[in-house]
Amino acid sequence: MIETLIQYFSFPFVRYAFIVGVLISLCSSLLGVTLVLKRFSFIGDGLSHVAFGGICLATVLGTIIKIPNDMYIVLPLTIICAVLLLRTGKNTKIQGDAAVAMISVASLAIGYLLMNIFSTSSNLTGDVCSTLFGSTSILTLTAGEVWLCAGLSIAVIIAFIIFYNKIFAVTFDENFATAVGTHAQAYNLVIAIIIAVIIVLAMNLVGSLLISALVIFPALSAMRVFKSFRSVTICSAAVSVICSVTGLLISILAGTPVGSTIVAADLAAFLIFTIMGVLIK
């Protein structure tokens with residue numbers, strides 16, 4: 001097994017996959033705790049559908065104009081929708097969960113419709129499956145894509161560290177944070193933008209349908225054992241990275257789909273932490 005792994009790691013695309021996998025899993029876990037505590041876990045699922053629609057749009061536009069990277073279209077579109085979800089969710093006529101459902105379903109449907117109308121591939125079903133479940137995209141990354149993912153991941157981590165105290169305040173009591181002079185709406189906007197960047201990055205790792213698991217499972221696992229915000233965040237990051245590396249290793253050795261294997265590892269970690277939480281009590 002060791003010899004097999006050494007042989008695989010001699011290929012650049014495998015090293016690229018592990019670098020991006022670790023960075024994305026670390027970023028995904030940072031705001032997972034905030035989303036769970038704010039009871040807005042499904043924003044990840046909604047934005048993942050938006051990202052799917054963005055990829056379909058980028059594919060169609062790629063036949064008309066030369067686009068060096070789909071992320072140049074997908075990222076701005078996902079950020080705009082994240083901001084719209086935040087604004088629409090505050091509207092009393094359209095509640096937060098309804099806004100997520102409306103935007104996510106519409107994006108998913110329009111994206112699939114575009115791929116069918118302007119099909120550029122003879123294997124449309126395979127392309128859709130790869131985008132939804134991330135079956136091969138993480139293993140086909142180029143050096144340019146790795147640098148782009150690394151840059152965005154580092155930016156997310158730095159932003160989280162800089163705004164940690166404000167994110168903490170907005171997460172637990174938004175009204176109190178506003179009362180003491182914190183611009184809660186501005187920091188909610190920062191959270192929405194960071195989440196959008198994380199979702200777009202995670203598309204390559206687990207696919208659009210499984211992104212929510214990458215964001216939510218590590219946070220839920222950490223909450224089974226730890227209680228403080230900082231402890232849960234640190235534990236969530238560690239669990240997320242370990243599960244991603246484990247999932248990638250199993251996927252390479254066993255030939256299983258990358259995204260599904262990583263989510264299965266996250267589920268196993270959640271079960272282990274749940275048992276640990278029961279035993280500790």
# chains A, B, ... in the order shown; residues from 1 in each chain; ligands from 1
>>> residues_around(residues="Leu35 in chain A", least_positions_apart="6", cutoff="10 Å", atoms="only C-alpha atoms", output="PyMOL selection string")
chain A and resi 41-44+171+191+195+215-216+219
>>> closest_residue(among="A:Ile199, A:Val241, A:Val146, A:Ile117", to="Gly54 in chain A", atoms="only C-alpha atoms")
A:Ile199
>>> residues_around(residues="Ile198 in chain A", least_positions_apart="4", cutoff="10 Å", atoms="only C-alpha atoms", output="VMD selection string")
chain A and resid 24 to 31 44 47 to 48 75 149 152 to 153 156 192 to 194 202 to 203 211 215
>>> closest_residue(among="A:Gly144, A:Cys81, A:Met71, A:Leu114", to="Met102 in chain A", atoms="only C-alpha atoms")
A:Cys81
>>> atom_distance(atom1="CA of Ala109 in chain A", atom2="CA of Gly46 in chain A")
12.4 Å
>>> atom_distance(atom1="CA of Ala98 in chain A", atom2="CA of Ile110 in chain A")
18.1 Å
>>> residues_around(residues="Ala264 in chain A", least_positions_apart="3", cutoff="12 Å", atoms="only C-alpha atoms", output="PDB file with N, CA and C atoms, in the first residue's frame")
ATOM      1  N   VAL A 206     -15.995  18.095  -4.065  1.00  0.00           N
ATOM      2  CA  VAL A 206     -17.082  17.141  -3.811  1.00  0.00           C
ATOM      3  C   VAL A 206     -18.281  17.299  -4.729  1.00  0.00           C
ATOM      4  N   LEU A 210     -22.982  17.841  -2.907  1.00  0.00           N
ATOM      5  CA  LEU A 210     -22.412  17.340  -1.653  1.00  0.00           C
ATOM      6  C   LEU A 210     -21.693  18.418  -0.844  1.00  0.00           C
ATOM      7  N   ALA A 213     -22.510  18.979   2.955  1.00  0.00           N
ATOM      8  CA  ALA A 213     -21.915  18.020   3.894  1.00  0.00           C
ATOM      9  C   ALA A 213     -20.516  18.449   4.288  1.00  0.00           C
ATOM     10  N   LEU A 214     -19.744  18.962   3.341  1.00  0.00           N
ATOM     11  CA  LEU A 214     -18.381  19.402   3.618  1.00  0.00           C
ATOM     12  C   LEU A 214     -18.366  20.589   4.567  1.00  0.00           C
ATOM     13  N   PHE A 217     -21.000  18.987   8.238  1.00  0.00           N
ATOM     14  CA  PHE A 217     -20.653  17.804   9.019  1.00  0.00           C
ATOM     15  C   PHE A 217     -19.520  18.032  10.029  1.00  0.00           C
ATOM     16  N   PRO A 218     -18.398  18.657   9.639  1.00  0.00           N
ATOM     17  CA  PRO A 218     -17.325  18.875  10.634  1.00  0.00           C
ATOM     18  C   PRO A 218     -17.784  19.715  11.817  1.00  0.00           C
ATOM     19  N   SER A 240     -12.311  18.265   9.423  1.00  0.00           N
ATOM     20  CA  SER A 240     -12.538  18.446   7.994  1.00  0.00           C
ATOM     21  C   SER A 240     -11.309  18.073   7.174  1.00  0.00           C
ATOM     22  N   CYS A 243     -10.687  14.203   7.359  1.00  0.00           N
ATOM     23  CA  CYS A 243     -11.670  13.459   6.566  1.00  0.00           C
ATOM     24  C   CYS A 243     -11.415  13.624   5.068  1.00  0.00           C
ATOM     25  N   SER A 244     -11.023  14.814   4.656  1.00  0.00           N
ATOM     26  CA  SER A 244     -10.742  15.040   3.240  1.00  0.00           C
ATOM     27  C   SER A 244      -9.527  14.241   2.780  1.00  0.00           C
ATOM     28  N   THR A 246      -8.329  11.545   4.242  1.00  0.00           N
ATOM     29  CA  THR A 246      -8.713  10.128   4.295  1.00  0.00           C
ATOM     30  C   THR A 246      -9.552   9.738   3.091  1.00  0.00           C
ATOM     31  N   GLY A 247     -10.526  10.591   2.750  1.00  0.00           N
ATOM     32  CA  GLY A 247     -11.376  10.316   1.596  1.00  0.00           C
ATOM     33  C   GLY A 247     -10.603  10.275   0.294  1.00  0.00           C
ATOM     34  N   LEU A 248      -9.648  11.194   0.132  1.00  0.00           N
ATOM     35  CA  LEU A 248      -8.818  11.203  -1.081  1.00  0.00           C
ATOM     36  C   LEU A 248      -7.951   9.944  -1.167  1.00  0.00           C
ATOM     37  N   ILE A 250      -8.510   6.957   0.232  1.00  0.00           N
ATOM     38  CA  ILE A 250      -9.364   5.803  -0.052  1.00  0.00           C
ATOM     39  C   ILE A 250      -9.819   5.825  -1.505  1.00  0.00           C
ATOM     40  N   SER A 251     -10.172   7.015  -1.996  1.00  0.00           N
ATOM     41  CA  SER A 251     -10.634   7.148  -3.375  1.00  0.00           C
ATOM     42  C   SER A 251      -9.559   6.726  -4.367  1.00  0.00           C
ATOM     43  N   THR A 256     -12.889   4.731  -5.809  1.00  0.00           N
ATOM     44  CA  THR A 256     -14.256   5.208  -5.554  1.00  0.00           C
ATOM     45  C   THR A 256     -14.373   6.695  -5.903  1.00  0.00           C
ATOM     46  N   PRO A 257     -15.589   7.208  -6.109  1.00  0.00           N
ATOM     47  CA  PRO A 257     -15.769   8.636  -6.407  1.00  0.00           C
ATOM     48  C   PRO A 257     -15.239   9.505  -5.272  1.00  0.00           C
ATOM     49  N   VAL A 258     -14.476  10.536  -5.613  1.00  0.00           N
ATOM     50  CA  VAL A 258     -13.802  11.355  -4.610  1.00  0.00           C
ATOM     51  C   VAL A 258     -14.796  12.032  -3.675  1.00  0.00           C
ATOM     52  N   GLY A 259     -15.765  12.768  -4.244  1.00  0.00           N
ATOM     53  CA  GLY A 259     -16.710  13.528  -3.429  1.00  0.00           C
ATOM     54  C   GLY A 259     -17.490  12.655  -2.464  1.00  0.00           C
ATOM     55  N   SER A 260     -18.041  11.573  -2.965  1.00  0.00           N
ATOM     56  CA  SER A 260     -18.848  10.678  -2.127  1.00  0.00           C
ATOM     57  C   SER A 260     -18.014  10.039  -1.027  1.00  0.00           C
ATOM     58  N   THR A 261     -16.771   9.701  -1.333  1.00  0.00           N
ATOM     59  CA  THR A 261     -15.898   9.075  -0.341  1.00  0.00           C
ATOM     60  C   THR A 261     -15.562  10.047   0.786  1.00  0.00           C
ATOM     61  N   LEU A 267     -19.223  11.571   7.486  1.00  0.00           N
ATOM     62  CA  LEU A 267     -20.318  10.916   8.194  1.00  0.00           C
ATOM     63  C   LEU A 267     -19.781   9.971   9.269  1.00  0.00           C
ATOM     64  N   ALA A 268     -18.722   9.222   8.937  1.00  0.00           N
ATOM     65  CA  ALA A 268     -18.112   8.313   9.916  1.00  0.00           C
ATOM     66  C   ALA A 268     -17.560   9.101  11.102  1.00  0.00           C
ATOM     67  N   ALA A 269     -16.935  10.250  10.817  1.00  0.00           N
ATOM     68  CA  ALA A 269     -16.410  11.094  11.897  1.00  0.00           C
ATOM     69  C   ALA A 269     -17.540  11.612  12.783  1.00  0.00           C
ATOM     70  N   PHE A 270     -18.656  11.988  12.163  1.00  0.00           N
ATOM     71  CA  PHE A 270     -19.804  12.475  12.943  1.00  0.00           C
ATOM     72  C   PHE A 270     -20.320  11.389  13.890  1.00  0.00           C
ATOM     73  N   LEU A 271     -20.401  10.157  13.406  1.00  0.00           N
ATOM     74  CA  LEU A 271     -20.871   9.048  14.244  1.00  0.00           C
ATOM     75  C   LEU A 271     -19.901   8.799  15.400  1.00  0.00           C
TER      76      LEU A 271
END
>>> closest_residue(among="A:Ile280, A:Leu189, A:Ile6, A:Ala17", to="Ala143 in chain A", atoms="only C-alpha atoms")
A:Ala17
>>> residues_around(residues="Leu253 in chain A", least_positions_apart="3", cutoff="8 Å", atoms="only C-alpha atoms", output="list in words")
Thr4, Leu5, Leu249 and Ile250 of chain A
>>> write_last_selection(atoms="all heavy atoms", output="short mmCIF file (atom, residue, chain, number, x, y, z; two decimals), in the first residue's frame")
data_model
loop_
_atom_site.label_atom_id
_atom_site.label_comp_id
_atom_site.auth_asym_id
_atom_site.auth_seq_id
_atom_site.Cartn_x
_atom_site.Cartn_y
_atom_site.Cartn_z
N THR A 4 2.32 1.78 -3.37
CA THR A 4 1.30 2.26 -4.30
C THR A 4 1.08 3.75 -4.13
O THR A 4 0.98 4.50 -5.11
CB THR A 4 -0.03 1.51 -4.07
OG1 THR A 4 0.19 0.11 -4.22
CG2 THR A 4 -1.08 1.98 -5.08
N LEU A 5 1.00 4.21 -2.87
CA LEU A 5 0.81 5.63 -2.59
C LEU A 5 1.99 6.46 -3.09
O LEU A 5 1.81 7.53 -3.67
CB LEU A 5 0.60 5.85 -1.09
CG LEU A 5 -0.76 5.43 -0.52
CD1 LEU A 5 -0.78 5.62 0.99
CD2 LEU A 5 -1.88 6.23 -1.17
N LEU A 249 -7.36 9.54 -0.04
CA LEU A 249 -6.53 8.33 -0.03
C LEU A 249 -7.35 7.09 -0.40
O LEU A 249 -6.93 6.28 -1.23
CB LEU A 249 -5.88 8.15 1.34
CG LEU A 249 -4.75 9.12 1.71
CD1 LEU A 249 -4.32 8.91 3.15
CD2 LEU A 249 -3.56 8.93 0.78
N ILE A 250 -8.51 6.96 0.23
CA ILE A 250 -9.36 5.80 -0.05
C ILE A 250 -9.82 5.82 -1.51
O ILE A 250 -9.85 4.79 -2.20
CB ILE A 250 -10.58 5.79 0.89
CG1 ILE A 250 -10.14 5.56 2.33
CG2 ILE A 250 -11.58 4.71 0.47
CD1 ILE A 250 -11.24 5.69 3.36
#
>>> closest_residue(among="A:Met223, A:Ile73, A:Ile262, A:Ile234", to="Val278 in chain A", atoms="only C-alpha atoms")
A:Met223
>>> closest_residue(among="A:Leu77, A:Ala254, A:Ala265, A:Leu148", to="Ile242 in chain A", atoms="only C-alpha atoms")
A:Ala265
>>> closest_residue(among="A:Arg230, A:His49, A:Arg224, A:His183", to="Val200 in chain A", atoms="only C-alpha atoms")
A:His49
>>> select_by_dssp(residues="range 166-233 of chain A", states="alpha helix (DSSP H)", output="ChimeraX atom specification")
/A:166-172,174-179,184-206,211-223,229-233
>>> decode(residues="range 155-189 of chain A", atoms="N, CA and C atoms", output="PDB file, in the first residue's frame")
ATOM      1  N   ALA A 155      -6.965  33.796   1.141  1.00  0.00           N
ATOM      2  CA  ALA A 155      -7.743  35.024   1.355  1.00  0.00           C
ATOM      3  C   ALA A 155      -8.902  34.770   2.314  1.00  0.00           C
ATOM      4  N   VAL A 156      -9.580  33.617   2.168  1.00  0.00           N
ATOM      5  CA  VAL A 156     -10.691  33.259   3.054  1.00  0.00           C
ATOM      6  C   VAL A 156     -10.202  33.088   4.485  1.00  0.00           C
ATOM      7  N   ILE A 157      -9.089  32.378   4.659  1.00  0.00           N
ATOM      8  CA  ILE A 157      -8.541  32.132   5.998  1.00  0.00           C
ATOM      9  C   ILE A 157      -8.130  33.446   6.670  1.00  0.00           C
ATOM     10  N   ILE A 158      -7.471  34.326   5.909  1.00  0.00           N
ATOM     11  CA  ILE A 158      -7.044  35.623   6.452  1.00  0.00           C
ATOM     12  C   ILE A 158      -8.261  36.460   6.844  1.00  0.00           C
ATOM     13  N   ALA A 159      -9.292  36.479   5.979  1.00  0.00           N
ATOM     14  CA  ALA A 159     -10.504  37.251   6.269  1.00  0.00           C
ATOM     15  C   ALA A 159     -11.191  36.729   7.531  1.00  0.00           C
ATOM     16  N   PHE A 160     -11.227  35.405   7.686  1.00  0.00           N
ATOM     17  CA  PHE A 160     -11.856  34.826   8.881  1.00  0.00           C
ATOM     18  C   PHE A 160     -11.095  35.218  10.143  1.00  0.00           C
ATOM     19  N   ILE A 161      -9.766  35.180  10.073  1.00  0.00           N
ATOM     20  CA  ILE A 161      -8.955  35.544  11.243  1.00  0.00           C
ATOM     21  C   ILE A 161      -9.132  37.018  11.594  1.00  0.00           C
ATOM     22  N   ILE A 162      -9.119  37.884  10.582  1.00  0.00           N
ATOM     23  CA  ILE A 162      -9.244  39.322  10.817  1.00  0.00           C
ATOM     24  C   ILE A 162     -10.606  39.663  11.424  1.00  0.00           C
ATOM     25  N   PHE A 163     -11.670  39.057  10.897  1.00  0.00           N
ATOM     26  CA  PHE A 163     -13.024  39.396  11.342  1.00  0.00           C
ATOM     27  C   PHE A 163     -13.568  38.391  12.359  1.00  0.00           C
ATOM     28  N   TYR A 164     -12.688  37.600  12.980  1.00  0.00           N
ATOM     29  CA  TYR A 164     -13.138  36.535  13.889  1.00  0.00           C
ATOM     30  C   TYR A 164     -14.045  37.065  14.998  1.00  0.00           C
ATOM     31  N   ASN A 165     -13.619  38.113  15.684  1.00  0.00           N
ATOM     32  CA  ASN A 165     -14.407  38.647  16.803  1.00  0.00           C
ATOM     33  C   ASN A 165     -15.766  39.163  16.344  1.00  0.00           C
ATOM     34  N   LYS A 166     -15.811  39.810  15.193  1.00  0.00           N
ATOM     35  CA  LYS A 166     -17.075  40.344  14.679  1.00  0.00           C
ATOM     36  C   LYS A 166     -17.998  39.215  14.239  1.00  0.00           C
ATOM     37  N   ILE A 167     -17.418  38.200  13.591  1.00  0.00           N
ATOM     38  CA  ILE A 167     -18.219  37.047  13.178  1.00  0.00           C
ATOM     39  C   ILE A 167     -18.783  36.345  14.408  1.00  0.00           C
ATOM     40  N   PHE A 168     -17.965  36.234  15.465  1.00  0.00           N
ATOM     41  CA  PHE A 168     -18.417  35.636  16.714  1.00  0.00           C
ATOM     42  C   PHE A 168     -19.606  36.416  17.284  1.00  0.00           C
ATOM     43  N   ALA A 169     -19.501  37.736  17.306  1.00  0.00           N
ATOM     44  CA  ALA A 169     -20.569  38.577  17.865  1.00  0.00           C
ATOM     45  C   ALA A 169     -21.844  38.470  17.053  1.00  0.00           C
ATOM     46  N   VAL A 170     -21.720  38.525  15.727  1.00  0.00           N
ATOM     47  CA  VAL A 170     -22.897  38.459  14.850  1.00  0.00           C
ATOM     48  C   VAL A 170     -23.550  37.079  14.909  1.00  0.00           C
ATOM     49  N   THR A 171     -22.737  36.043  15.113  1.00  0.00           N
ATOM     50  CA  THR A 171     -23.258  34.677  15.146  1.00  0.00           C
ATOM     51  C   THR A 171     -24.173  34.452  16.344  1.00  0.00           C
ATOM     52  N   PHE A 172     -23.767  34.917  17.525  1.00  0.00           N
ATOM     53  CA  PHE A 172     -24.504  34.593  18.738  1.00  0.00           C
ATOM     54  C   PHE A 172     -25.639  35.568  19.061  1.00  0.00           C
ATOM     55  N   ASP A 173     -25.448  36.838  18.827  1.00  0.00           N
ATOM     56  CA  ASP A 173     -26.511  37.797  19.142  1.00  0.00           C
ATOM     57  C   ASP A 173     -26.377  39.008  18.227  1.00  0.00           C
ATOM     58  N   GLU A 174     -27.033  38.932  17.087  1.00  0.00           N
ATOM     59  CA  GLU A 174     -26.928  39.996  16.089  1.00  0.00           C
ATOM     60  C   GLU A 174     -27.513  41.306  16.600  1.00  0.00           C
ATOM     61  N   ASN A 175     -28.609  41.226  17.338  1.00  0.00           N
ATOM     62  CA  ASN A 175     -29.242  42.449  17.860  1.00  0.00           C
ATOM     63  C   ASN A 175     -28.354  43.155  18.876  1.00  0.00           C
ATOM     64  N   PHE A 176     -27.723  42.376  19.757  1.00  0.00           N
ATOM     65  CA  PHE A 176     -26.819  42.974  20.750  1.00  0.00           C
ATOM     66  C   PHE A 176     -25.591  43.573  20.064  1.00  0.00           C
ATOM     67  N   ALA A 177     -25.078  42.850  19.060  1.00  0.00           N
ATOM     68  CA  ALA A 177     -23.915  43.354  18.327  1.00  0.00           C
ATOM     69  C   ALA A 177     -24.232  44.691  17.669  1.00  0.00           C
ATOM     70  N   THR A 178     -25.436  44.815  17.127  1.00  0.00           N
ATOM     71  CA  THR A 178     -25.855  46.074  16.509  1.00  0.00           C
ATOM     72  C   THR A 178     -25.994  47.167  17.563  1.00  0.00           C
ATOM     73  N   ALA A 179     -26.518  46.800  18.723  1.00  0.00           N
ATOM     74  CA  ALA A 179     -26.742  47.773  19.800  1.00  0.00           C
ATOM     75  C   ALA A 179     -25.443  48.369  20.323  1.00  0.00           C
ATOM     76  N   VAL A 180     -24.362  47.585  20.299  1.00  0.00           N
ATOM     77  CA  VAL A 180     -23.077  48.086  20.818  1.00  0.00           C
ATOM     78  C   VAL A 180     -22.215  48.720  19.729  1.00  0.00           C
ATOM     79  N   GLY A 181     -22.800  48.910  18.541  1.00  0.00           N
ATOM     80  CA  GLY A 181     -22.099  49.642  17.494  1.00  0.00           C
ATOM     81  C   GLY A 181     -21.489  48.816  16.390  1.00  0.00           C
ATOM     82  N   THR A 182     -21.675  47.496  16.414  1.00  0.00           N
ATOM     83  CA  THR A 182     -21.145  46.640  15.346  1.00  0.00           C
ATOM     84  C   THR A 182     -22.064  46.712  14.130  1.00  0.00           C
ATOM     85  N   HIS A 183     -21.506  46.911  12.960  1.00  0.00           N
ATOM     86  CA  HIS A 183     -22.299  46.953  11.732  1.00  0.00           C
ATOM     87  C   HIS A 183     -22.631  45.519  11.308  1.00  0.00           C
ATOM     88  N   ALA A 184     -23.682  44.984  11.918  1.00  0.00           N
ATOM     89  CA  ALA A 184     -24.031  43.578  11.711  1.00  0.00           C
ATOM     90  C   ALA A 184     -24.306  43.258  10.246  1.00  0.00           C
ATOM     91  N   GLN A 185     -24.998  44.163   9.558  1.00  0.00           N
ATOM     92  CA  GLN A 185     -25.316  43.918   8.150  1.00  0.00           C
ATOM     93  C   GLN A 185     -24.048  43.812   7.309  1.00  0.00           C
ATOM     94  N   ALA A 186     -23.071  44.668   7.612  1.00  0.00           N
ATOM     95  CA  ALA A 186     -21.810  44.642   6.857  1.00  0.00           C
ATOM     96  C   ALA A 186     -21.081  43.319   7.072  1.00  0.00           C
ATOM     97  N   TYR A 187     -21.080  42.827   8.303  1.00  0.00           N
ATOM     98  CA  TYR A 187     -20.369  41.580   8.585  1.00  0.00           C
ATOM     99  C   TYR A 187     -21.155  40.370   8.102  1.00  0.00           C
ATOM    100  N   ASN A 188     -22.470  40.476   8.062  1.00  0.00           N
ATOM    101  CA  ASN A 188     -23.264  39.429   7.416  1.00  0.00           C
ATOM    102  C   ASN A 188     -22.929  39.356   5.932  1.00  0.00           C
ATOM    103  N   LEU A 189     -22.689  40.522   5.338  1.00  0.00           N
ATOM    104  CA  LEU A 189     -22.304  40.580   3.931  1.00  0.00           C
ATOM    105  C   LEU A 189     -20.942  39.916   3.729  1.00  0.00           C
TER     106      LEU A 189
END
